[in-house]
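Trainee: Data file data.txt (compact mmCIF, C-alpha atoms and all ligand atoms) is appended below.
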# COMPACT_ATOMS: atom_id res chain seq x y z
CA MET A 1 138.72 -0.42 -52.73
CA GLY A 2 136.81 -1.59 -49.65
CA ARG A 3 134.57 0.89 -47.93
CA PRO A 4 136.52 2.69 -45.19
CA TYR A 5 135.71 1.44 -41.70
CA LEU A 6 133.49 3.99 -40.01
CA SER A 7 134.56 5.07 -36.54
CA PRO A 8 131.93 6.34 -34.11
CA PRO A 9 131.89 10.15 -33.94
CA PRO A 10 134.39 11.55 -31.41
CA ARG A 11 132.98 12.26 -27.95
CA PRO A 12 133.34 15.83 -26.70
CA GLY A 13 135.97 16.55 -24.06
CA ARG A 14 135.62 18.99 -21.18
CA ARG A 15 136.03 22.09 -23.34
CA GLY A 16 133.74 20.73 -26.03
CA LEU A 17 136.70 19.52 -28.12
CA PRO A 18 136.50 15.90 -29.31
CA LEU A 19 138.66 13.55 -27.27
CA GLN A 20 141.28 11.77 -29.37
CA PRO A 21 141.16 7.96 -29.34
CA LEU A 22 143.69 5.98 -27.34
CA ALA A 23 144.37 2.24 -27.18
CA LEU A 24 146.14 0.55 -24.26
CA TYR A 25 148.40 -2.50 -24.66
CA ILE A 26 149.41 -4.38 -21.49
CA HIS A 27 152.24 -6.89 -21.87
CA TRP A 28 152.24 -9.83 -19.44
CA PRO A 29 155.46 -11.73 -20.20
CA TYR A 30 155.01 -14.98 -18.28
CA CYS A 31 154.42 -18.29 -20.10
CA ALA A 32 154.07 -21.83 -18.69
CA ARG A 33 156.71 -22.86 -21.24
CA ILE A 34 158.42 -21.23 -24.18
CA CYS A 35 157.28 -22.33 -27.64
CA PRO A 36 160.17 -23.08 -30.02
CA TYR A 37 159.00 -20.61 -32.71
CA CYS A 38 158.27 -17.63 -30.45
CA ASP A 39 160.48 -14.55 -30.19
CA PHE A 40 158.10 -12.38 -28.16
CA ASN A 41 159.42 -10.86 -24.93
CA VAL A 42 158.61 -13.83 -22.66
CA VAL A 43 159.88 -15.52 -19.50
CA ARG A 44 159.10 -18.88 -17.93
CA ASP A 45 156.45 -18.61 -15.24
CA ARG A 46 158.16 -20.29 -12.31
CA GLY A 47 155.67 -19.23 -9.66
CA ARG A 48 157.39 -16.00 -8.59
CA ILE A 49 154.05 -14.71 -7.37
CA GLU A 50 155.58 -11.79 -5.44
CA GLU A 51 157.45 -10.59 -8.54
CA GLN A 52 154.24 -10.88 -10.56
CA ALA A 53 152.28 -8.90 -7.97
CA GLU A 54 154.98 -6.23 -8.08
CA LEU A 55 154.76 -6.17 -11.86
CA GLY A 56 150.97 -5.78 -11.66
CA ARG A 57 151.38 -2.77 -9.37
CA ALA A 58 154.08 -1.28 -11.62
CA ILE A 59 151.78 -1.63 -14.64
CA ILE A 60 149.03 0.36 -12.89
CA ALA A 61 151.56 3.00 -11.79
CA ASP A 62 152.76 3.14 -15.42
CA PHE A 63 149.16 3.89 -16.55
CA GLU A 64 149.25 6.91 -14.26
CA GLY A 65 152.62 8.05 -15.63
CA HIS A 66 151.26 7.75 -19.17
CA ARG A 67 148.04 9.58 -18.27
CA ALA A 68 150.13 12.61 -17.32
CA VAL A 69 151.63 12.51 -20.85
CA THR A 70 148.51 11.73 -22.91
CA GLY A 71 146.07 13.99 -21.05
CA PRO A 72 142.37 13.13 -21.32
CA ARG A 73 141.59 10.65 -24.06
CA ARG A 74 138.79 8.44 -25.29
CA LEU A 75 139.83 4.89 -24.41
CA VAL A 76 138.83 2.64 -27.31
CA SER A 77 140.69 -0.57 -26.41
CA ILE A 78 142.46 -2.41 -23.61
CA TYR A 79 144.48 -5.39 -24.84
CA PHE A 80 146.14 -7.92 -22.53
CA GLY A 81 148.86 -9.56 -24.65
CA GLY A 82 151.92 -11.59 -23.93
CA GLY A 83 153.34 -13.87 -23.00
CA THR A 84 150.28 -15.46 -21.51
CA PRO A 85 148.10 -12.91 -19.73
CA SER A 86 145.47 -15.59 -19.05
CA LEU A 87 147.91 -16.92 -16.42
CA MET A 88 147.44 -13.67 -14.45
CA PRO A 89 144.97 -13.80 -11.54
CA PRO A 90 141.67 -12.53 -13.06
CA LEU A 91 141.29 -10.16 -10.11
CA TRP A 92 144.43 -8.29 -11.20
CA ALA A 93 143.08 -7.94 -14.72
CA GLY A 94 139.93 -6.45 -13.15
CA GLU A 95 142.03 -3.97 -11.16
CA MET A 96 143.94 -2.92 -14.28
CA ILE A 97 140.70 -2.45 -16.23
CA ALA A 98 139.19 -0.36 -13.42
CA ALA A 99 142.33 1.80 -13.20
CA ALA A 100 142.42 2.40 -16.97
CA ARG A 101 138.71 3.24 -17.04
CA SER A 102 139.14 5.79 -14.28
CA LEU A 103 142.20 7.47 -15.84
CA TRP A 104 140.84 7.86 -19.38
CA THR A 105 137.27 8.26 -20.66
CA PRO A 106 135.92 4.87 -21.76
CA ASP A 107 134.45 4.93 -25.25
CA PRO A 108 130.95 3.37 -25.34
CA GLY A 109 132.41 0.71 -27.64
CA LEU A 110 135.48 0.08 -25.44
CA GLU A 111 136.96 -3.28 -26.52
CA ILE A 112 138.71 -5.38 -23.84
CA THR A 113 140.71 -8.35 -25.16
CA LEU A 114 142.71 -11.07 -23.43
CA GLU A 115 145.08 -13.50 -25.14
CA ALA A 116 144.82 -17.06 -23.82
CA ASN A 117 146.23 -20.51 -24.50
CA PRO A 118 143.74 -23.38 -24.59
CA THR A 119 145.07 -25.34 -21.59
CA ASP A 120 142.59 -26.69 -19.05
CA ALA A 121 143.95 -24.49 -16.26
CA GLU A 122 143.31 -21.34 -18.28
CA VAL A 123 139.90 -22.44 -19.56
CA ALA A 124 138.80 -22.94 -15.94
CA ARG A 125 139.32 -19.19 -15.38
CA PHE A 126 137.47 -17.91 -18.44
CA SER A 127 134.33 -16.90 -16.54
CA ALA A 128 136.41 -15.10 -13.87
CA PHE A 129 138.08 -13.07 -16.63
CA ALA A 130 134.68 -12.28 -18.14
CA ASP A 131 133.49 -11.12 -14.68
CA ALA A 132 136.62 -8.93 -14.49
CA GLY A 133 135.46 -7.11 -17.63
CA VAL A 134 137.14 -8.97 -20.51
CA GLU A 135 134.67 -9.27 -23.40
CA ARG A 136 136.87 -10.55 -26.22
CA LEU A 137 139.14 -13.60 -26.09
CA SER A 138 142.02 -14.17 -28.48
CA LEU A 139 142.67 -17.90 -28.30
CA GLY A 140 146.03 -19.30 -29.44
CA LEU A 141 144.75 -22.48 -31.03
CA GLN A 142 147.67 -22.64 -33.55
CA SER A 143 146.55 -25.96 -35.06
CA LEU A 144 143.80 -28.57 -35.00
CA ASP A 145 146.25 -31.41 -35.63
CA ASP A 146 147.86 -33.17 -32.65
CA LYS A 147 151.12 -33.97 -34.47
CA ALA A 148 151.47 -30.34 -35.52
CA LEU A 149 150.77 -29.16 -31.96
CA THR A 150 153.54 -31.42 -30.67
CA PHE A 151 155.89 -30.07 -33.35
CA LEU A 152 154.97 -26.50 -32.32
CA GLY A 153 155.81 -27.40 -28.70
CA ARG A 154 152.29 -26.64 -27.47
CA ASP A 155 151.01 -28.12 -24.22
CA HIS A 156 147.45 -28.78 -25.42
CA THR A 157 145.77 -31.15 -27.85
CA ALA A 158 143.45 -30.32 -30.75
CA ARG A 159 140.55 -31.64 -28.69
CA GLN A 160 141.42 -29.31 -25.80
CA GLY A 161 141.66 -26.46 -28.29
CA MET A 162 138.19 -27.12 -29.66
CA ARG A 163 136.74 -27.46 -26.18
CA ALA A 164 138.40 -24.19 -25.14
CA ALA A 165 136.83 -22.44 -28.15
CA GLN A 166 133.44 -23.84 -27.23
CA LEU A 167 133.71 -22.68 -23.60
CA ALA A 168 135.06 -19.30 -24.68
CA ARG A 169 131.98 -18.80 -26.84
CA HIS A 170 129.85 -19.14 -23.70
CA ALA A 171 132.02 -17.02 -21.44
CA PHE A 172 132.83 -14.12 -23.81
CA ARG A 173 130.82 -12.07 -26.24
CA ARG A 174 133.58 -12.18 -28.87
CA LEU A 175 136.10 -14.86 -29.85
CA SER A 176 139.15 -14.67 -32.10
CA ILE A 177 141.44 -17.59 -32.89
CA ASP A 178 145.10 -17.70 -33.99
CA LEU A 179 146.45 -20.43 -36.26
CA ILE A 180 149.92 -21.13 -37.63
CA TYR A 181 150.28 -22.56 -41.15
CA ALA A 182 153.06 -23.31 -43.66
CA ARG A 183 154.51 -25.83 -41.25
CA PRO A 184 157.10 -28.30 -42.60
CA GLY A 185 155.46 -31.02 -44.68
CA GLN A 186 152.02 -29.38 -44.56
CA THR A 187 150.22 -29.49 -47.90
CA THR A 188 147.91 -26.77 -49.19
CA TRP A 189 145.08 -29.30 -49.22
CA ALA A 190 145.66 -30.30 -45.56
CA TRP A 191 145.81 -26.63 -44.56
CA ALA A 192 142.51 -25.91 -46.34
CA ALA A 193 140.83 -28.77 -44.45
CA GLU A 194 142.25 -27.62 -41.09
CA LEU A 195 141.17 -24.05 -41.71
CA GLU A 196 137.67 -25.18 -42.74
CA ALA A 197 137.41 -27.01 -39.42
CA ALA A 198 138.45 -23.86 -37.58
CA THR A 199 135.69 -21.81 -39.21
CA VAL A 200 132.96 -23.78 -37.46
CA LEU A 201 134.25 -23.19 -33.92
CA GLY A 202 132.10 -20.09 -33.46
CA ALA A 203 134.86 -17.46 -33.73
CA GLU A 204 133.95 -14.12 -35.32
CA HIS A 205 137.62 -13.43 -36.09
CA ILE A 206 140.45 -15.66 -37.35
CA SER A 207 144.15 -14.76 -37.60
CA PRO A 208 146.12 -17.36 -39.59
CA TYR A 209 149.85 -16.61 -39.45
CA GLN A 210 152.41 -18.10 -41.78
CA LEU A 211 155.13 -19.80 -39.70
CA THR A 212 158.09 -17.42 -39.52
CA ILE A 213 161.50 -18.63 -38.44
CA GLU A 214 162.59 -15.95 -36.00
CA GLY A 215 166.22 -15.34 -35.04
CA GLY A 216 167.35 -16.77 -31.71
CA THR A 217 164.53 -19.35 -31.44
CA ALA A 218 164.84 -23.14 -31.15
CA PHE A 219 163.24 -23.39 -34.61
CA GLU A 220 165.95 -21.22 -36.12
CA ARG A 221 168.61 -23.54 -34.69
CA ALA A 222 166.75 -26.59 -36.05
CA VAL A 223 166.51 -25.09 -39.54
CA ARG A 224 170.17 -24.07 -39.45
CA ARG A 225 171.31 -27.58 -38.64
CA GLY A 226 169.10 -28.91 -41.47
CA ALA A 227 166.58 -30.77 -39.29
CA TRP A 228 163.66 -29.57 -41.46
CA GLN A 229 162.54 -26.77 -43.75
CA THR A 230 159.43 -24.66 -44.10
CA PRO A 231 157.54 -24.93 -47.42
CA ASP A 232 159.15 -22.96 -50.28
CA THR A 233 157.99 -19.47 -51.27
CA ASP A 234 155.60 -20.69 -53.99
CA THR A 235 153.91 -23.14 -51.65
CA GLY A 236 153.72 -20.43 -48.98
CA ALA A 237 152.07 -18.07 -51.50
CA ALA A 238 149.61 -20.81 -52.57
CA MET A 239 148.72 -21.39 -48.91
CA PHE A 240 148.15 -17.66 -48.42
CA GLU A 241 145.76 -17.63 -51.40
CA THR A 242 143.99 -20.73 -50.12
CA THR A 243 143.56 -18.97 -46.78
CA GLN A 244 141.79 -16.07 -48.49
CA GLU A 245 139.55 -18.40 -50.53
CA VAL A 246 138.49 -20.65 -47.66
CA LEU A 247 137.80 -17.79 -45.26
CA ASN A 248 136.04 -15.71 -47.89
CA ALA A 249 133.74 -18.60 -48.72
CA ARG A 250 132.89 -18.88 -45.01
CA GLY A 251 132.01 -15.20 -44.67
CA PHE A 252 135.27 -13.93 -43.18
CA GLN A 253 136.62 -10.79 -44.83
CA ALA A 254 140.39 -10.17 -44.91
CA TYR A 255 140.43 -6.65 -43.50
CA GLU A 256 144.19 -6.96 -42.94
CA VAL A 257 146.93 -9.27 -44.28
CA SER A 258 146.49 -11.90 -41.55
CA ASN A 259 143.22 -10.83 -39.94
CA HIS A 260 139.80 -11.96 -41.08
CA ALA A 261 136.50 -10.92 -39.54
CA ARG A 262 132.84 -11.82 -39.98
CA GLY A 263 131.53 -8.31 -40.51
CA GLU A 264 132.85 -4.89 -39.56
CA ALA A 265 131.82 -5.14 -35.92
CA ALA A 266 134.04 -8.24 -35.54
CA ARG A 267 137.21 -6.38 -36.55
CA SER A 268 139.80 -5.92 -33.83
CA ARG A 269 139.44 -2.31 -32.68
CA HIS A 270 142.81 -2.65 -30.98
CA ASN A 271 144.73 -3.68 -34.07
CA LEU A 272 142.90 -1.05 -36.10
CA ALA A 273 144.44 1.55 -33.78
CA TYR A 274 147.92 0.31 -34.84
CA TRP A 275 147.08 0.17 -38.52
CA ARG A 276 145.34 3.55 -38.55
CA GLY A 277 148.23 5.32 -36.87
CA GLU A 278 146.23 6.19 -33.75
CA ASP A 279 147.98 6.68 -30.43
CA TYR A 280 148.51 3.67 -28.18
CA VAL A 281 150.09 3.31 -24.78
CA GLY A 282 152.35 0.26 -24.29
CA VAL A 283 152.90 -0.86 -20.69
CA GLY A 284 154.57 -3.95 -19.25
CA PRO A 285 158.10 -5.24 -20.03
CA GLY A 286 159.22 -4.54 -23.59
CA ALA A 287 155.87 -3.07 -24.72
CA HIS A 288 155.94 -0.61 -27.60
CA GLY A 289 153.82 2.54 -27.72
CA ARG A 290 153.11 5.41 -30.10
CA LEU A 291 152.07 8.73 -28.61
CA THR A 292 151.59 12.22 -29.93
CA ILE A 293 153.73 14.35 -27.63
CA SER A 294 153.87 18.11 -28.29
CA GLY A 295 152.42 17.44 -31.73
CA ALA A 296 155.11 14.91 -32.72
CA ARG A 297 154.65 11.18 -33.22
CA THR A 298 156.77 9.53 -30.54
CA ALA A 299 157.81 5.87 -30.30
CA THR A 300 158.23 4.41 -26.82
CA ARG A 301 159.59 1.05 -25.70
CA ALA A 302 159.35 -0.19 -22.13
CA ALA A 303 162.37 -1.76 -20.44
CA PRO A 304 162.29 -5.42 -21.56
CA ARG A 305 163.36 -7.18 -18.35
CA VAL A 306 160.78 -7.50 -15.60
CA ARG A 307 163.08 -6.20 -12.84
CA ASP A 308 164.32 -3.25 -14.94
CA TYR A 309 160.78 -2.35 -15.89
CA ILE A 310 159.60 -2.31 -12.26
CA ALA A 311 162.64 -0.22 -11.25
CA LYS A 312 162.07 2.22 -14.12
CA VAL A 313 158.43 2.81 -13.15
CA LYS A 314 159.46 3.34 -9.51
CA GLU A 315 162.20 5.80 -10.42
CA GLU A 316 160.64 7.72 -13.29
CA GLY A 317 156.89 7.14 -13.09
CA VAL A 318 156.82 5.53 -16.57
CA GLY A 319 158.34 2.23 -17.68
CA TRP A 320 159.82 3.22 -21.01
CA ASP A 321 163.59 3.13 -21.40
CA GLU A 322 163.55 4.33 -25.02
CA ARG A 323 161.69 7.27 -26.43
CA GLU A 324 162.24 8.53 -29.97
CA THR A 325 160.56 11.43 -31.73
CA LEU A 326 159.83 10.32 -35.30
CA SER A 327 160.52 12.75 -38.13
CA LEU A 328 157.54 13.61 -40.34
CA ARG A 329 158.98 11.32 -42.95
CA GLN A 330 159.52 8.38 -40.58
CA ALA A 331 155.98 8.80 -39.27
CA ALA A 332 154.58 8.89 -42.83
CA GLU A 333 156.53 5.78 -43.86
CA GLU A 334 155.24 3.90 -40.84
CA ARG A 335 151.69 5.10 -41.54
CA LEU A 336 152.02 3.88 -45.16
CA LEU A 337 153.38 0.48 -44.15
CA MET A 338 150.63 -0.04 -41.58
CA GLY A 339 147.79 1.40 -43.68
CA LEU A 340 148.62 -0.71 -46.72
CA ARG A 341 148.20 -3.84 -44.62
CA THR A 342 144.50 -3.07 -44.35
CA LEU A 343 141.50 -3.11 -46.61
CA GLU A 344 140.73 0.51 -45.77
CA GLY A 345 144.21 1.56 -46.92
CA VAL A 346 145.62 4.97 -46.17
CA GLY A 347 144.64 8.55 -47.06
CA LEU A 348 147.21 10.34 -49.22
CA GLY A 349 146.85 13.33 -46.90
CA GLU A 350 148.07 11.16 -44.00
CA VAL A 351 151.32 10.45 -45.81
CA ALA A 352 151.73 13.96 -47.20
CA ALA A 353 155.38 14.01 -46.07
CA LEU A 354 156.09 11.45 -48.82
CA GLY A 355 154.79 13.86 -51.47
CA LEU A 356 152.51 11.29 -53.12
CA GLY A 357 149.91 13.18 -55.17
CA ALA A 358 147.12 11.11 -56.75
CA ASP A 359 148.83 11.76 -60.13
CA ASN A 360 152.20 10.37 -58.98
CA ALA A 361 153.73 8.17 -61.72
CA LYS A 362 154.76 5.41 -59.28
CA LEU A 363 151.21 5.14 -57.95
CA GLY A 364 150.00 4.74 -61.54
CA GLU A 365 152.65 2.10 -62.23
CA LEU A 366 151.77 0.02 -59.16
CA ALA A 367 148.05 0.35 -59.90
CA GLN A 368 148.71 -0.76 -63.49
CA ALA A 369 150.55 -3.81 -62.14
CA GLY A 370 147.45 -4.69 -60.08
CA LEU A 371 149.23 -4.23 -56.76
CA ILE A 372 147.36 -1.19 -55.42
CA LEU A 373 144.06 0.60 -55.89
CA VAL A 374 143.99 4.39 -56.01
CA ASP A 375 140.65 5.96 -55.25
CA ASP A 376 140.57 9.77 -55.13
CA ASP A 377 142.61 10.50 -52.06
CA ARG A 378 143.18 6.95 -50.71
CA ILE A 379 145.38 4.03 -51.65
CA ALA A 380 145.02 0.39 -50.66
CA ALA A 381 146.91 -2.78 -51.57
CA THR A 382 145.12 -5.44 -53.60
CA CYS A 383 145.22 -9.11 -52.54
CA SER A 384 148.32 -9.65 -54.75
CA GLY A 385 149.79 -6.41 -53.44
CA ARG A 386 149.49 -7.61 -49.85
CA MET A 387 151.94 -10.40 -50.67
CA VAL A 388 154.65 -7.88 -51.63
CA LEU A 389 153.98 -5.06 -49.20
CA ASP A 390 157.62 -4.41 -48.41
CA ARG A 391 158.37 -3.80 -52.09
CA ILE A 392 155.36 -1.49 -52.52
CA THR A 393 156.16 0.56 -49.44
CA THR A 394 159.82 0.94 -50.36
CA GLU A 395 158.95 2.03 -53.90
CA LEU A 396 156.32 4.52 -52.71
CA ALA A 397 158.53 5.88 -49.95
CA LEU A 398 161.20 6.66 -52.55
CA ALA A 399 158.80 7.78 -55.30
CA ASN A 400 159.23 11.48 -54.69
CA PRO A 401 162.82 12.17 -53.60
CA ASP A 402 162.13 15.93 -53.41
CA ALA A 403 159.70 15.29 -50.57
CA VAL A 404 162.52 13.69 -48.58
CA ALA A 405 164.43 16.88 -48.00
CA ALA A 406 161.27 18.94 -47.52
CA ALA A 407 160.00 16.64 -44.77
CA GLU A 408 163.23 16.46 -42.78
C1 LIG A 501 151.77 -13.31 -28.38
S1 LIG A 501 151.55 -14.67 -29.35
C2 LIG A 501 150.58 -15.74 -28.41
C3 LIG A 501 149.63 -15.65 -27.41
C4 LIG A 501 149.45 -16.88 -26.56
N1 LIG A 501 150.48 -16.90 -25.56
C5 LIG A 501 149.53 -18.16 -27.34
O1 LIG A 501 150.61 -18.73 -27.45
O2 LIG A 501 148.52 -18.64 -27.78
C6 LIG A 501 150.41 -14.18 -30.60
C7 LIG A 501 150.33 -15.08 -31.82
O3 LIG A 501 151.44 -14.89 -32.67
C8 LIG A 501 151.59 -16.02 -33.50
N2 LIG A 501 153.03 -16.30 -33.63
C9 LIG A 501 153.96 -16.16 -32.68
N3 LIG A 501 155.18 -16.49 -33.17
C10 LIG A 501 154.99 -16.85 -34.48
C11 LIG A 501 155.85 -17.30 -35.53
N4 LIG A 501 157.15 -17.44 -35.34
N5 LIG A 501 155.30 -17.57 -36.74
C12 LIG A 501 153.98 -17.42 -36.92
N6 LIG A 501 153.12 -17.02 -35.97
C13 LIG A 501 153.62 -16.73 -34.76
C14 LIG A 501 150.82 -17.16 -32.84
O4 LIG A 501 149.72 -17.53 -33.64
C15 LIG A 501 150.35 -16.55 -31.54
O5 LIG A 501 149.08 -17.00 -31.16
S1 LIG A 502 153.55 -18.52 -28.41
FE1 LIG A 502 152.44 -17.79 -26.63
S2 LIG A 502 152.74 -19.40 -25.05
FE2 LIG A 502 154.25 -19.75 -26.62
S3 LIG A 502 156.06 -18.69 -25.84
FE3 LIG A 502 155.02 -17.28 -27.27
S4 LIG A 502 153.71 -16.06 -25.99
FE4 LIG A 502 154.33 -17.84 -24.75
Using C-alpha cells, write down the structure from this file.
Mentor:
Amino acid sequence: MGRPYLSPPPRPGRRGLPLQPLALYIHWPYCARICPYCDFNVVRDRGRIEEQAELGRAIIADFEGHRAVTGPRRLVSIYFGGGTPSLMPPLWAGEMIAAARSLWTPDPGLEITLEANPTDAEVARFSAFADAGVERLSLGLQSLDDKALTFLGRDHTARQGMRAAQLARHAFRRLSIDLIYARPGQTTWAWAAELEAATVLGAEHISPYQLTIEGGTAFERAVRRGAWQTPDTDTGAAMFETTQEVLNARGFQAYEVSNHARGEAARSRHNLAYWRGEDYVGVGPGAHGRLTISGARTATRAAPRVRDYIAKVKEEGVGWDERETLSLRQAAEERLLMGLRTLEGVGLGEVAALGLGADNAKLGELAQAGLILVDDDRIAATCSGRMVLDRITTELALANPDAVAAAE
C-alpha cells in the first residue's frame, strides 16, 4: 500500500484546540458555449453582467452564512470550479479570496485553484488571476488533436492549448491539465502518443478522464441515434492501463483513479479533502457540500438555478435548498467509496459503521483476488481494483449485515 499522505499538524484554535480543516468550493456556472459531453450545472454566458455581479455578491454572502454553521476552521483550499470561472472578472475572484481568508483561518499551505479553458481571451487574464491570489491553474486542455477538439465541441485548437499551458507555467506556481480519452475511433497507440505529448507541457498534475456519455447531453443523443460509439469496455480498460504506464514512466504517480501527480506536494489538496471525507463548503448554483453539523455528517446542495440561488441566499443567508443528515452507515459507505479511489485508501476505523474488522472474510477474499491491499488498519484498492471500484464497495458495504442494523 502507498505511504499515507501526511497532512501538516493541525493549527491550534483560540482555546488551544486544533482547528479542523475546511475546503471551499465555489461554482461559477457560466460558459462561453456548452460542450456536447458536459452535464455539469452550466449556463451560456450571454453577457448578463448585472446578474453575474449579483451572483458574485450572493456567493460572498453565502460564505458568511456558512461561517455561522462551520464556526472557526482551518481553510486548506479554495477551488473555483464550473462552468468556466476564468470568465469571471479577476477582481471578483480576489474579493472572494479575501472574504474567505477573513472568515476562516488560512492554513499556511492554503491552495487556491482556478479552472480555465485555453482560449485566448482567458489566457490574457492569467496574470490578473495570479495577482488576485490564484496559485494553481486547472487547464481544460481535453486533447492535443485538432480533429478531436472539434469533435468535443471545444473552441480552441491544440496549438492554443499548448500555448495556454506554457503561459500558465509562467503565471502560476502550479499547473494541472485535464484530458479526455476513449473518444470514438481513438486507438490505444494514438492515446499513448497524445498523453506523452501532454507530459512535457510543464504540468505537475494530469487528470485524464475516460469519455463518459452523460444523460441529457448532445453526445447521448448522438450515441442513441447511432451516429458513433465510444470504444468497447476492453479497449477502454486497455487505455486506462496505458494511461497508468505512460504517466508512471514520466514520473506521475496515480494517487487517485484519474489523478496523477509528480510528487506528494503536487497532489490536489482540494480533491484530497473530498476523498478523505473532510468537510467542504459548496457555494454557487448547484454546488454540493459536506459539513459536520452537531456531530453528524450533513450533505448540502445549493439551489441549481442562478436566480433561485441568489434568492435563497437573500432570504435564508445560505444558498442550499437541500440539506440531508447522513446516517452513520451512509457516511461510512461514502467514506469507503471515496477512500478506495485513492492510493492512501481508508482506515478501517473510519468505516467502523460497516463492521469491517481486519479479519473480515470478504476483505480476505478481495485481497486474494488482487483487488485490494489490507495493511493493519487500512485498506486500499490495487490498480486492478480501481477498475471495479463499484463492485468492491458494494461487496464491502454488504459484507457484515449485522453492522447494518447496529449503525442505523
Ligand atoms: C468542470 S469541467 C471543466 C472545466 C472547464 N470549463 C473546461 O471545460 O475546461 C472539469 C473536467 O471534467 C471533464 N469532463 C467533463 N465532462 C466529461 C465527460 N462527459 N467525460 C469525461 N470527462 C468529462 C473534463 O476533462 C473537464 O475539464
Ligand atoms: S466542459 Fe467546461 S466549458 Fe464545456 S460546458 Fe462543461 S464546464 Fe463549460
Trainee: Given a cut-off of 12 Å, what residues near ligand LIG 502 (chain A) show up using only C-alpha atoms and all ligand atoms, put as JSON, numbers by chain?
Mentor: {"A": [27, 28, 29, 30, 31, 32, 33, 34, 35, 36, 37, 38, 39, 40, 41, 42, 43, 44, 45, 80, 81, 82, 83, 84, 85, 86, 87, 115, 116, 117, 118, 119, 122, 138, 139, 140, 141, 142, 149, 152, 153, 154, 155, 156, 178, 179, 180, 209, 211, 214, 217, 218]}
Trainee: Scan for residues within 8 Å of the point (159.9, 1.4, -44.6) in the coordinates of the file, using all atoms listed in the file, and reply as a compact mmCIF listing (two decimals) with C-alpha atoms, keeping the file's coordinate frame.
Mentor:
# COMPACT_ATOMS: atom_id res chain seq x y z
CA GLU A 333 156.53 5.78 -43.86
CA GLU A 334 155.24 3.90 -40.84
CA LEU A 337 153.38 0.48 -44.15
CA ASP A 390 157.62 -4.41 -48.41
CA THR A 393 156.16 0.56 -49.44
CA THR A 394 159.82 0.94 -50.36
CA ALA A 397 158.53 5.88 -49.95
Trainee: Please report, as AutoDock Vina command-line options, the centre and edge lengths in Å to one decimal of an axis-aligned box covering all listed atoms of ligand LIG 501 (chain A) with 4 Å per side.
Mentor:
--center_x 152.8 --center_y -16.0 --center_z -31.2 --size_x 16.6 --size_y 13.4 --size_z 19.4
Trainee: Set the distance at 10 Å and use only C-alpha atoms: which residues neighbour A:Gly109 once local chain neighbours fewer than 5 positions away are removed? I'd like the list as a PyMOL selection string.
Mentor: chain A and resi 8+75-77+269
Trainee: Counting all atoms listed in the file, find the residues whose atoms lie at most 12 Å from (151.8, 5.6, -13.2) (file coordinates) and write them out as a ChimeraX atom specification.
Mentor: /A:56-70,96,99-100,103,281,283-284,310,312-320
Trainee: Using all atoms listed in the file, can you tell me which of A:Lys147, A:Val123, A:His270, A:Pro89 comes closest to A:Leu110?
Mentor: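 Comparing A:Lys147, A:Val123, A:His270, A:Pro89 against A:Leu110, the winner is A:His270.
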Trainee: Nearest to A:Thr243: which of A:Glu365, A:Glu264, A:Glu194, A:Asp146 is it, counting only C-alpha atoms?
Mentor: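 The closest residue to A:Thr243 is A:Glu194.
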Trainee: Using all atoms listed in the file, which residue out of A:Gly364, A:Pro231, A:Gly286, A:Gly215 lies closest to ligand LIG 501 (chain A)?
Mentor: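 Between A:Gly364, A:Pro231, A:Gly286, A:Gly215, the residue approaching ligand LIG 501 (chain A) most closely is A:Gly215.
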Trainee: Report the distance between atom CA of A:Thr113 and atom CA of A:Phe129 in Å, rounded to one decimal place.
Mentor: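 So the answer is 10.1 Å.
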Trainee: I need the residue nearest A:Tyr255 from this list: A:Cys383, A:Ile392, A:Val200, A:Ala352. Use only C-alpha atoms for the distance.
Mentor: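 Smallest separation from A:Tyr255 among the options: A:Cys383.
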Trainee: Would you mind completing stretch 365-375 of chain A to N, CA and C atoms and writing the output as a CSV table (one decimal), keeping the file's coordinate frame?
Mentor:
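The result, written out as out06.csv:
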chain,number,residue,atom,x,y,z
A,365,GLU,N,151.9,3.3,-61.8
A,365,GLU,CA,152.6,2.1,-62.2
A,365,GLU,C,152.2,0.9,-61.4
A,366,LEU,N,152.1,1.1,-60.1
A,366,LEU,CA,151.8,0.0,-59.2
A,366,LEU,C,150.3,-0.4,-59.3
A,367,ALA,N,149.5,0.6,-59.7
A,367,ALA,CA,148.0,0.4,-59.9
A,367,ALA,C,147.9,-0.5,-61.2
A,368,GLN,N,148.7,-0.1,-62.2
A,368,GLN,CA,148.7,-0.8,-63.5
A,368,GLN,C,149.1,-2.2,-63.3
A,369,ALA,N,150.1,-2.4,-62.4
A,369,ALA,CA,150.6,-3.8,-62.1
A,369,ALA,C,149.6,-4.6,-61.3
A,370,GLY,N,148.5,-4.0,-60.9
A,370,GLY,CA,147.4,-4.7,-60.1
A,370,GLY,C,147.8,-4.9,-58.6
A,371,LEU,N,148.8,-4.0,-58.1
A,371,LEU,CA,149.2,-4.2,-56.8
A,371,LEU,C,148.5,-3.3,-55.8
A,372,ILE,N,148.1,-2.1,-56.3
A,372,ILE,CA,147.4,-1.2,-55.4
A,372,ILE,C,146.1,-0.6,-56.1
A,373,LEU,N,145.2,-0.1,-55.3
A,373,LEU,CA,144.1,0.6,-55.9
A,373,LEU,C,144.2,2.0,-55.4
A,374,VAL,N,143.9,3.0,-56.4
A,374,VAL,CA,144.0,4.4,-56.0
A,374,VAL,C,142.6,4.9,-56.2
A,375,ASP,N,142.0,5.5,-55.2
A,375,ASP,CA,140.6,6.0,-55.2
A,375,ASP,C,140.6,7.4,-54.7
